[in-house]
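Data file: start_39.cif. Format and content: mmCIF, C-alpha atoms.
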```cif
data_input
loop_
_atom_site.label_atom_id
_atom_site.label_comp_id
_atom_site.auth_asym_id
_atom_site.auth_seq_id
_atom_site.Cartn_x
_atom_site.Cartn_y
_atom_site.Cartn_z
CA MET Q 1 -20.33 15.39 9.26
CA SER Q 2 -18.30 18.03 10.98
CA GLY Q 3 -16.95 20.87 8.90
CA GLU Q 4 -13.62 20.63 10.69
CA THR Q 5 -10.30 20.18 8.92
CA PHE Q 6 -7.61 17.83 10.26
CA GLU Q 7 -3.92 18.11 9.49
CA GLY Q 8 -1.38 15.33 9.14
CA LYS Q 9 2.30 15.57 8.34
CA ARG Q 10 1.91 16.01 4.59
CA PHE Q 11 -1.74 16.82 3.95
CA ARG Q 12 -4.98 17.93 5.53
CA LEU Q 13 -8.39 16.28 5.51
CA ARG Q 14 -11.36 18.52 4.77
CA PRO Q 15 -15.00 17.71 4.06
CA VAL Q 16 -15.80 17.03 0.40
CA THR Q 17 -17.90 19.69 -1.33
CA GLU Q 18 -19.69 19.76 -4.68
CA ARG Q 19 -16.69 21.61 -6.14
CA ASP Q 20 -14.64 18.41 -5.71
CA ILE Q 21 -16.93 16.19 -7.76
CA SER Q 22 -15.12 16.62 -11.10
CA VAL Q 23 -11.81 15.59 -9.49
CA LEU Q 24 -13.44 12.62 -7.77
CA TYR Q 25 -14.96 11.57 -11.08
CA GLU Q 26 -11.51 11.27 -12.69
CA TRP Q 27 -10.38 9.01 -9.86
CA TYR Q 28 -13.51 6.86 -9.84
CA ARG Q 29 -13.32 6.24 -13.58
CA ASP Q 30 -9.71 5.00 -13.36
CA PRO Q 31 -9.90 1.17 -13.30
CA THR Q 32 -6.45 0.84 -11.70
CA VAL Q 33 -7.38 3.12 -8.80
CA MET Q 34 -10.76 1.48 -8.33
CA SER Q 35 -9.30 -2.04 -8.38
CA LEU Q 36 -7.73 -1.16 -5.02
CA TYR Q 37 -10.80 0.56 -3.58
CA ASP Q 38 -13.36 -1.02 -1.26
CA GLY Q 39 -15.27 2.03 -0.11
CA ILE Q 40 -18.47 3.62 -1.38
CA HIS Q 41 -18.89 3.23 -5.14
CA PHE Q 42 -20.62 5.70 -7.41
CA TRP Q 43 -21.71 5.28 -11.02
CA ALA Q 44 -18.92 6.81 -13.13
CA GLU Q 45 -19.99 6.15 -16.72
CA ASP Q 46 -20.26 9.90 -17.37
CA LEU Q 47 -19.65 13.04 -15.35
CA GLU Q 48 -23.26 14.17 -15.11
CA SER Q 49 -24.50 10.82 -13.77
CA PHE Q 50 -21.63 10.76 -11.28
CA ARG Q 51 -22.28 14.36 -10.23
CA GLU Q 52 -25.98 13.68 -9.66
CA GLU Q 53 -25.34 10.53 -7.61
CA TYR Q 54 -22.54 12.05 -5.51
CA ARG Q 55 -24.51 15.25 -4.89
CA LEU Q 56 -27.48 13.21 -3.74
CA TRP Q 57 -25.25 11.30 -1.32
CA LEU Q 58 -23.79 14.54 0.07
CA ASN Q 59 -27.20 16.15 0.49
CA GLU Q 60 -28.82 13.13 2.12
CA GLU Q 61 -26.51 10.59 3.77
CA VAL Q 62 -23.70 13.01 4.64
CA ARG Q 63 -25.89 15.95 5.66
CA LEU Q 64 -27.95 13.72 7.96
CA GLY Q 65 -24.84 12.30 9.63
CA PHE Q 66 -25.08 8.73 8.30
CA ALA Q 67 -21.87 9.01 6.29
CA GLY Q 68 -18.96 11.31 5.59
CA SER Q 69 -16.23 12.01 3.08
CA PHE Q 70 -12.95 13.90 3.35
CA MET Q 71 -10.65 15.12 0.62
CA MET Q 72 -6.90 14.79 1.16
CA ASP Q 73 -5.13 18.02 0.13
CA LEU Q 74 -1.35 18.35 0.12
CA LYS Q 75 -0.39 21.03 2.62
CA GLU Q 76 2.31 22.58 0.42
CA SER Q 77 0.31 22.94 -2.78
CA GLY Q 78 -3.32 22.37 -1.86
CA GLN Q 79 -3.50 19.67 -4.54
CA PRO Q 80 -6.14 17.01 -3.82
CA VAL Q 81 -4.59 13.54 -3.85
CA GLY Q 82 -7.25 11.26 -2.39
CA GLU Q 83 -10.49 10.71 -0.53
CA CYS Q 84 -11.45 8.82 2.60
CA THR Q 85 -14.99 7.94 3.65
CA TRP Q 86 -17.01 6.50 6.50
CA VAL Q 87 -20.53 5.15 6.80
CA LEU Q 88 -22.56 4.02 9.79
CA VAL Q 89 -23.10 0.28 9.67
CA ASP Q 90 -26.87 -0.07 9.89
CA ARG Q 91 -27.02 -3.81 10.48
CA THR Q 92 -26.53 -3.19 14.20
CA GLY Q 93 -29.70 -1.13 14.55
CA PRO Q 94 -30.39 1.56 17.16
CA ASP Q 95 -29.36 -0.71 20.05
CA SER Q 96 -25.77 -1.02 18.80
CA PRO Q 97 -24.62 2.44 17.72
CA GLY Q 98 -21.09 3.51 16.97
CA VAL Q 99 -20.08 1.00 14.28
CA PHE Q 100 -18.47 2.61 11.24
CA GLN Q 101 -17.09 1.22 7.99
CA VAL Q 102 -14.12 3.17 6.63
CA GLY Q 103 -12.56 3.28 3.18
CA GLY Q 104 -10.39 5.45 1.01
CA LEU Q 105 -8.36 5.88 -2.13
CA ILE Q 106 -5.27 7.67 -3.38
CA GLY Q 107 -6.34 9.15 -6.70
CA ASP Q 108 -2.88 9.92 -8.09
CA ARG Q 109 -1.25 6.61 -9.03
CA GLN Q 110 2.24 8.13 -8.73
CA LEU Q 111 1.62 8.58 -5.01
CA HIS Q 112 0.68 4.95 -4.34
CA GLY Q 113 2.95 3.15 -1.90
CA GLN Q 114 4.23 6.31 -0.20
CA GLY Q 115 2.28 6.06 3.05
CA TYR Q 116 -0.46 8.55 2.26
CA GLY Q 117 -3.16 5.98 2.93
CA THR Q 118 -1.67 5.14 6.33
CA GLU Q 119 -1.59 8.80 7.31
CA ALA Q 120 -5.15 9.42 6.08
CA LEU Q 121 -6.56 6.39 7.90
CA LYS Q 122 -4.88 7.49 11.12
CA LEU Q 123 -6.56 10.91 10.90
CA LEU Q 124 -9.94 9.41 10.00
CA ARG Q 125 -9.66 6.76 12.72
CA ASP Q 126 -8.88 9.32 15.41
CA TYR Q 127 -11.67 11.62 14.19
CA LEU Q 128 -14.28 8.86 14.49
CA PHE Q 129 -13.17 7.76 17.96
CA GLU Q 130 -12.68 11.27 19.31
CA HIS Q 131 -15.63 13.12 17.75
CA CYS Q 132 -18.22 10.53 16.66
CA ASN Q 133 -18.33 8.22 19.68
CA ALA Q 134 -17.20 5.26 17.59
CA HIS Q 135 -17.09 1.88 19.31
CA ARG Q 136 -15.93 -0.23 16.35
CA LEU Q 137 -14.34 0.57 12.99
CA GLU Q 138 -14.50 -1.89 10.12
CA ALA Q 139 -12.71 -2.09 6.79
CA ILE Q 140 -13.04 -4.60 3.97
CA THR Q 141 -10.40 -5.02 1.29
CA ARG Q 142 -9.78 -7.40 -1.57
CA ALA Q 143 -7.51 -10.28 -0.69
CA PHE Q 144 -4.85 -9.32 -3.25
CA ASN Q 145 -4.53 -5.78 -1.91
CA SER Q 146 -1.51 -6.25 0.35
CA GLY Q 147 -0.91 -2.50 0.51
CA ALA Q 148 -4.33 -1.83 2.05
CA MET Q 149 -3.83 -4.66 4.54
CA LYS Q 150 -0.49 -3.19 5.64
CA THR Q 151 -2.16 0.21 6.04
CA LEU Q 152 -4.84 -1.30 8.26
CA HIS Q 153 -2.33 -3.22 10.39
CA ARG Q 154 -0.23 -0.07 10.86
CA ASN Q 155 -3.32 1.66 12.22
CA GLY Q 156 -4.07 -1.05 14.77
CA PHE Q 157 -6.73 -2.99 12.85
CA SER Q 158 -6.99 -6.76 13.31
CA ARG Q 159 -7.86 -9.22 10.59
CA GLU Q 160 -11.16 -10.91 11.47
CA GLY Q 161 -11.81 -13.22 8.58
CA VAL Q 162 -12.29 -13.82 4.87
CA LEU Q 163 -15.46 -13.30 2.86
CA ARG Q 164 -14.94 -16.03 0.30
CA GLU Q 165 -15.50 -15.15 -3.38
CA ALA Q 166 -17.46 -12.07 -2.34
CA VAL Q 167 -16.73 -9.73 -5.28
CA LEU Q 168 -16.62 -10.26 -9.04
CA VAL Q 169 -13.56 -8.63 -10.64
CA ASP Q 170 -12.96 -8.94 -14.39
CA GLY Q 171 -15.16 -12.02 -14.53
CA LYS Q 172 -13.41 -13.78 -11.64
CA TRP Q 173 -14.68 -14.17 -8.08
CA GLN Q 174 -12.29 -12.75 -5.49
CA ASP Q 175 -12.12 -13.00 -1.71
CA ARG Q 176 -12.50 -9.97 0.53
CA VAL Q 177 -10.86 -9.62 3.95
CA LEU Q 178 -12.56 -8.05 6.97
CA PHE Q 179 -10.60 -5.96 9.49
CA SER Q 180 -11.72 -4.15 12.63
CA LEU Q 181 -10.50 -1.90 15.42
CA LEU Q 182 -12.33 -1.53 18.76
CA ARG Q 183 -12.33 1.55 20.96
CA TYR Q 184 -10.44 -0.05 23.85
CA GLU Q 185 -7.74 -1.24 21.41
CA TRP Q 186 -7.40 2.30 20.07
CA GLU Q 187 -7.25 3.67 23.61
CA GLN Q 188 -4.60 1.15 24.66
CA GLY Q 189 -2.34 1.31 21.65
CA ALA Q 190 -3.56 3.04 18.51
CA ASN Q 191 -4.39 6.35 20.20
CA PRO Q 192 -1.69 8.88 19.25
CA ASN Q 193 -1.86 10.34 22.78
CA HIS Q 194 -0.96 6.94 24.24
CA THR Q 195 2.67 6.16 25.06
CA SER Q 196 2.85 2.78 23.31
CA ASP Q 197 3.53 2.54 19.60
CA ARG Q 198 1.77 -0.05 17.46
CA GLY Q 199 4.09 0.62 14.51
#
```
As a first step, turn the structure in this file into C-alpha coordinates.
Amino acid sequence: MSGETFEGKRFRLRPVTERDISVLYEWYRDPTVMSLYDGIHFWAEDLESFREEYRLWLNEEVRLGFAGSFMMDLKESGQPVGECTWVLVDRTGPDSPGVFQVGGLIGDRQLHGQGYGTEALKLLRDYLFEHCNAHRLEAITRAFNSGAMKTLHRNGFSREGVLREAVLVDGKWQDRVLFSLLRYEWEQGANPNHTSDRG
(Lines of atoms letter the chains of each structure in order from A and count residues from 1; the text may use other names and numbers.)
(Lines give C-alpha, C1' and ligand atoms only; values in the text may rest on other atoms or scores of the structure.)
Protein backbone atom coordinates (compact mmCIF):
# COMPACT_ATOMS: atom_id res chain seq x y z
CA MET A 1 0.00 0.00 0.00
CA SER A 2 1.15 3.49 -0.70
CA GLY A 3 2.62 5.48 2.15
CA GLU A 4 0.68 8.54 1.04
CA THR A 5 -1.66 10.48 3.31
CA PHE A 6 -5.02 11.79 2.08
CA GLU A 7 -6.90 14.70 3.61
CA GLY A 8 -10.63 15.19 3.89
CA LYS A 9 -12.54 18.06 5.44
CA ARG A 10 -12.19 16.92 9.03
CA PHE A 11 -9.52 14.23 9.09
CA ARG A 12 -6.69 12.64 7.16
CA LEU A 13 -6.16 9.03 6.16
CA ARG A 14 -2.69 7.60 6.73
CA PRO A 15 -1.38 4.04 6.53
CA VAL A 16 -1.72 2.02 9.73
CA THR A 17 1.55 1.23 11.52
CA GLU A 18 2.40 -1.11 14.38
CA ARG A 19 2.17 1.87 16.76
CA ASP A 20 -1.60 1.97 16.10
CA ILE A 21 -2.28 -1.61 17.15
CA SER A 22 -3.14 -0.86 20.80
CA VAL A 23 -5.74 1.72 19.71
CA LEU A 24 -7.18 -0.67 17.12
CA TYR A 25 -7.41 -3.36 19.78
CA GLU A 26 -9.68 -1.20 21.94
CA TRP A 27 -12.00 -0.67 19.00
CA TYR A 28 -12.04 -4.31 17.91
CA ARG A 29 -12.89 -5.53 21.41
CA ASP A 30 -15.92 -3.21 21.66
CA PRO A 31 -18.97 -5.34 20.77
CA THR A 32 -21.07 -2.29 19.87
CA VAL A 33 -18.49 -1.04 17.37
CA MET A 34 -17.94 -4.48 15.90
CA SER A 35 -21.66 -5.17 15.52
CA LEU A 36 -21.61 -2.49 12.79
CA TYR A 37 -18.38 -3.67 11.15
CA ASP A 38 -18.12 -5.91 8.10
CA GLY A 39 -14.46 -5.53 7.24
CA ILE A 40 -11.43 -7.63 8.15
CA HIS A 41 -11.75 -9.23 11.58
CA PHE A 42 -8.88 -9.96 13.92
CA TRP A 43 -8.84 -12.07 17.08
CA ALA A 44 -9.27 -9.61 19.97
CA GLU A 45 -9.43 -11.82 23.07
CA ASP A 46 -6.21 -10.26 24.40
CA LEU A 47 -3.84 -7.56 23.23
CA GLU A 48 -0.87 -9.82 22.52
CA SER A 49 -2.87 -12.19 20.30
CA PHE A 50 -4.37 -9.22 18.47
CA ARG A 51 -0.96 -7.57 18.08
CA GLU A 52 0.57 -10.74 16.65
CA GLU A 53 -2.26 -11.30 14.16
CA TYR A 54 -2.44 -7.66 13.03
CA ARG A 55 1.35 -7.40 12.70
CA LEU A 56 1.39 -10.54 10.58
CA TRP A 57 -1.29 -9.06 8.32
CA LEU A 58 0.66 -5.81 7.95
CA ASN A 59 3.92 -7.60 7.19
CA GLU A 60 2.43 -10.02 4.69
CA GLU A 61 -0.86 -9.02 3.05
CA VAL A 62 -0.37 -5.25 3.27
CA ARG A 63 3.34 -5.19 2.46
CA LEU A 64 2.79 -7.38 -0.61
CA GLY A 65 -0.02 -5.15 -1.89
CA PHE A 66 -2.92 -7.57 -1.39
CA ALA A 67 -4.61 -5.41 1.23
CA GLY A 68 -4.37 -2.06 2.96
CA SER A 69 -5.47 -0.20 6.04
CA PHE A 70 -5.72 3.50 6.83
CA MET A 71 -6.16 5.24 10.16
CA MET A 72 -8.49 8.23 10.32
CA ASP A 73 -6.87 11.05 12.32
CA LEU A 74 -8.70 14.27 13.16
CA LYS A 75 -6.87 17.15 11.50
CA GLU A 76 -7.23 19.52 14.46
CA SER A 77 -6.01 17.20 17.21
CA GLY A 78 -4.40 14.23 15.48
CA GLN A 79 -6.69 11.93 17.46
CA PRO A 80 -7.38 8.61 15.69
CA VAL A 81 -11.12 8.04 15.32
CA GLY A 82 -11.44 5.12 12.93
CA GLU A 83 -9.97 2.74 10.39
CA CYS A 84 -10.81 1.85 6.80
CA THR A 85 -9.49 -1.17 4.91
CA TRP A 86 -9.39 -2.75 1.48
CA VAL A 87 -8.52 -6.21 0.22
CA LEU A 88 -8.14 -7.59 -3.28
CA VAL A 89 -10.94 -10.02 -4.05
CA ASP A 90 -9.11 -13.17 -5.08
CA ARG A 91 -12.08 -15.09 -6.45
CA THR A 92 -11.61 -13.33 -9.78
CA GLY A 93 -8.12 -14.70 -10.33
CA PRO A 94 -5.35 -13.12 -12.42
CA ASP A 95 -7.62 -12.67 -15.45
CA SER A 96 -9.96 -10.30 -13.60
CA PRO A 97 -7.81 -7.86 -11.62
CA GLY A 98 -8.94 -4.67 -9.98
CA VAL A 99 -11.75 -5.92 -7.72
CA PHE A 100 -11.50 -4.63 -4.15
CA GLN A 101 -13.62 -5.15 -1.04
CA VAL A 102 -13.74 -2.13 1.25
CA GLY A 103 -14.73 -1.77 4.89
CA GLY A 104 -14.28 0.50 7.85
CA LEU A 105 -15.25 1.48 11.35
CA ILE A 106 -15.57 4.55 13.53
CA GLY A 107 -13.95 3.54 16.80
CA ASP A 108 -15.33 6.35 18.98
CA ARG A 109 -19.04 5.66 19.53
CA GLN A 110 -19.70 9.35 20.25
CA LEU A 111 -18.76 10.12 16.65
CA HIS A 112 -21.20 7.66 15.08
CA GLY A 113 -23.81 9.23 12.82
CA GLN A 114 -21.81 12.39 12.10
CA GLY A 115 -20.73 11.60 8.54
CA TYR A 116 -17.18 10.47 9.27
CA GLY A 117 -17.76 7.13 7.55
CA THR A 118 -19.08 8.85 4.42
CA GLU A 119 -16.03 11.10 4.26
CA ALA A 120 -13.61 8.21 4.85
CA LEU A 121 -15.22 6.01 2.21
CA LYS A 122 -15.04 8.83 -0.33
CA LEU A 123 -11.29 9.21 0.26
CA LEU A 124 -10.70 5.45 0.13
CA ARG A 125 -12.88 5.05 -2.96
CA ASP A 126 -11.03 7.76 -4.86
CA TYR A 127 -7.65 6.38 -3.77
CA LEU A 128 -8.46 2.92 -5.15
CA PHE A 129 -9.78 4.21 -8.48
CA GLU A 130 -7.06 6.82 -8.95
CA HIS A 131 -3.98 4.97 -7.66
CA CYS A 132 -4.74 1.23 -7.67
CA ASN A 133 -6.41 0.77 -11.06
CA ALA A 134 -9.62 -0.44 -9.44
CA HIS A 135 -12.37 -1.64 -11.76
CA ARG A 136 -14.95 -2.63 -9.12
CA LEU A 137 -15.38 -1.88 -5.43
CA GLU A 138 -17.50 -4.10 -3.21
CA ALA A 139 -18.87 -3.69 0.29
CA ILE A 140 -20.94 -6.05 2.41
CA THR A 141 -22.92 -4.90 5.42
CA ARG A 142 -25.41 -6.44 7.80
CA ALA A 143 -29.01 -5.88 6.82
CA PHE A 144 -29.86 -3.95 10.00
CA ASN A 145 -27.02 -1.46 9.50
CA SER A 146 -28.96 1.35 7.85
CA GLY A 147 -26.18 3.85 8.58
CA ALA A 148 -23.63 1.87 6.56
CA MET A 149 -26.09 1.49 3.69
CA LYS A 150 -26.67 5.26 3.61
CA THR A 151 -22.90 5.80 3.59
CA LEU A 152 -22.52 3.47 0.62
CA HIS A 153 -25.38 5.09 -1.32
CA ARG A 154 -23.91 8.56 -0.70
CA ASN A 155 -20.68 7.35 -2.27
CA GLY A 156 -22.34 6.05 -5.41
CA PHE A 157 -22.58 2.35 -4.50
CA SER A 158 -25.53 0.30 -5.77
CA ARG A 159 -27.24 -2.45 -3.84
CA GLU A 160 -26.75 -5.74 -5.70
CA GLY A 161 -28.47 -8.28 -3.53
CA VAL A 162 -28.93 -10.01 -0.19
CA LEU A 163 -26.86 -12.86 1.21
CA ARG A 164 -29.56 -14.58 3.21
CA GLU A 165 -28.75 -15.60 6.80
CA ALA A 166 -25.04 -15.28 6.05
CA VAL A 167 -23.69 -14.30 9.48
CA LEU A 168 -24.43 -15.54 13.01
CA VAL A 169 -24.88 -12.67 15.48
CA ASP A 170 -25.70 -13.39 19.13
CA GLY A 171 -27.03 -16.81 18.19
CA LYS A 172 -29.29 -15.51 15.41
CA TRP A 173 -28.68 -15.75 11.67
CA GLN A 174 -28.68 -12.35 9.95
CA ASP A 175 -28.75 -11.29 6.32
CA ARG A 176 -25.90 -9.39 4.72
CA VAL A 177 -26.31 -6.93 1.83
CA LEU A 178 -23.87 -6.63 -1.08
CA PHE A 179 -23.09 -3.25 -2.66
CA SER A 180 -20.78 -2.33 -5.53
CA LEU A 181 -19.42 0.60 -7.50
CA LEU A 182 -17.89 0.26 -10.98
CA ARG A 183 -15.20 2.48 -12.46
CA TYR A 184 -17.41 3.98 -15.18
CA GLU A 185 -20.04 4.84 -12.55
CA TRP A 186 -17.39 6.60 -10.47
CA GLU A 187 -16.12 8.42 -13.54
CA GLN A 188 -19.62 9.54 -14.54
CA GLY A 189 -20.93 10.59 -11.18
CA ALA A 190 -19.01 9.64 -8.06
CA ASN A 191 -15.71 11.17 -9.16
CA PRO A 192 -15.18 14.40 -7.19
CA ASN A 193 -13.66 16.01 -10.31
CA HIS A 194 -16.88 15.37 -12.23
CA THR A 195 -19.51 18.12 -12.44
CA SER A 196 -22.51 16.01 -11.43
CA ASP A 197 -23.32 15.39 -7.78
CA ARG A 198 -24.61 12.02 -6.62
CA GLY A 199 -25.53 13.42 -3.20
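Taking atom CA of Tyr184 of chain Q as the reference point, atom CA of Ile106 of chain Q is found at 28.8 Å.
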Handout entry: Length of the atom CA of Arg159 of chain Q to atom CA of Val177 of chain Q vector [Å]
Key =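 The value is 7.3 Å.
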Handout entry: Nearest to Glu138 of chain Q, chosen from Q:Arg12, Q:Arg109, Q:Arg183, Q:Arg29, with only C-alpha atoms counted in the distances
Key = Q:Arg183
Practice task
Show which residues sit within 8 Å of Ala143 of chain Q, as a PyMOL selection string. Count only C-alpha atoms, and ignore same-chain residues fewer than 3 positions away.
Solution key: chain Q and resi 146+174-177
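Here atom CA of Trp186 of chain Q is placed at a distance of 7.1 Å from atom CA of Gly156 of chain Q.
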Exercise for the section: With a distance cut-off of 8 Å and only C-alpha atoms, select the neighbouring residues of Leu123 of chain Q, excluding the residue or stretch itself and same-chain residues fewer than 4 positions from it, and output the selection as number ranges by chain. Expected result: Q: 6-8, 13, 119, 127
List the residues matched by the PyMOL selection byres ((chain Q and resi 97) around 12) in the displayed structure as an mmCIF file with C-alpha atoms, keeping the file's coordinate frame, ordered by chain and then by residue number.
```cif
data_model
loop_
_atom_site.group_PDB
_atom_site.id
_atom_site.type_symbol
_atom_site.label_atom_id
_atom_site.label_comp_id
_atom_site.auth_asym_id
_atom_site.auth_seq_id
_atom_site.Cartn_x
_atom_site.Cartn_y
_atom_site.Cartn_z
ATOM 1 C CA PHE Q 66 -25.080 8.730 8.300
ATOM 2 C CA VAL Q 87 -20.530 5.150 6.800
ATOM 3 C CA LEU Q 88 -22.560 4.020 9.790
ATOM 4 C CA VAL Q 89 -23.100 0.280 9.670
ATOM 5 C CA ASP Q 90 -26.870 -0.070 9.890
ATOM 6 C CA ARG Q 91 -27.020 -3.810 10.480
ATOM 7 C CA THR Q 92 -26.530 -3.190 14.200
ATOM 8 C CA GLY Q 93 -29.700 -1.130 14.550
ATOM 9 C CA PRO Q 94 -30.390 1.560 17.160
ATOM 10 C CA ASP Q 95 -29.360 -0.710 20.050
ATOM 11 C CA SER Q 96 -25.770 -1.020 18.800
ATOM 12 C CA GLY Q 98 -21.090 3.510 16.970
ATOM 13 C CA VAL Q 99 -20.080 1.000 14.280
ATOM 14 C CA PHE Q 100 -18.470 2.610 11.240
ATOM 15 C CA CYS Q 132 -18.220 10.530 16.660
ATOM 16 C CA ASN Q 133 -18.330 8.220 19.680
ATOM 17 C CA ALA Q 134 -17.200 5.260 17.590
ATOM 18 C CA HIS Q 135 -17.090 1.880 19.310
ATOM 19 C CA ARG Q 136 -15.930 -0.230 16.350
ATOM 20 C CA LEU Q 137 -14.340 0.570 12.990
#
```
Completion exercise
If you count only C-alpha atoms, the residue of Q:Ile140, Q:Ile21, Q:Leu181, Q:Leu111 closest to Glu48 of chain Q turns out to be Q:Ile21
Exercise for the section: Taking the file above as input, evaluate the PyMOL selection byres ((chain Q and resi 120) around 12) and report the hits as JSON, numbers by chain. Expected result: {"Q": [6, 7, 8, 9, 10, 11, 12, 13, 14, 69, 70, 71, 72, 73, 74, 81, 82, 83, 84, 85, 102, 103, 104, 105, 106, 114, 115, 116, 117, 118, 119, 121, 122, 123, 124, 125, 126, 127, 148, 151, 152, 154, 155]}
Problem - Among the residues Q:Val23, Q:Ala139, Q:Leu182, Q:Leu64, the one that comes closest to Val162 of chain Q [using all atoms listed in the file] - result: Q:Ala139
Exercise for the section: Quick one: everything within 7 Å of Ser158 of chain Q, counting all atoms listed in the file, minus sequence neighbours fewer than 4 positions away in the same chain. Send it as a list in words. Expected result: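 So the residues in contact are His153, Phe179, Ser180 and Leu181 of chain Q.
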Practice task
Find, counting only C-alpha atoms, the residue in Q:Arg164, Q:His112, Q:Lys172, Q:Arg63 that gets nearest to Thr141 of chain Q.
Solution key: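 Comparing Q:Arg164, Q:His112, Q:Lys172, Q:Arg63 against Thr141 of chain Q, the winner is Q:Arg164.
Shortest separation to Gln110 of chain Q among Q:Asp170, Q:Ile40, Q:Val33, Q:Val62 occurs at residue Q:Val33, atoms counted being only C-alpha atoms.
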Practice task
Return the single residue from Q:Ser22, Q:Thr32, Q:Ser77, Q:Asn59 that is closest to Asp46 of chain Q, with distances computed using only C-alpha atoms.
Solution key: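 With only C-alpha atoms as the atom set, the closest residue is Q:Ser22.
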Problem - Hits of the PyMOL selection byres ((chain Q and resi 54) around 12) in this structure, as a ChimeraX atom specification - result: /Q:16-25,28,40-44,47-53,55-62,68-69
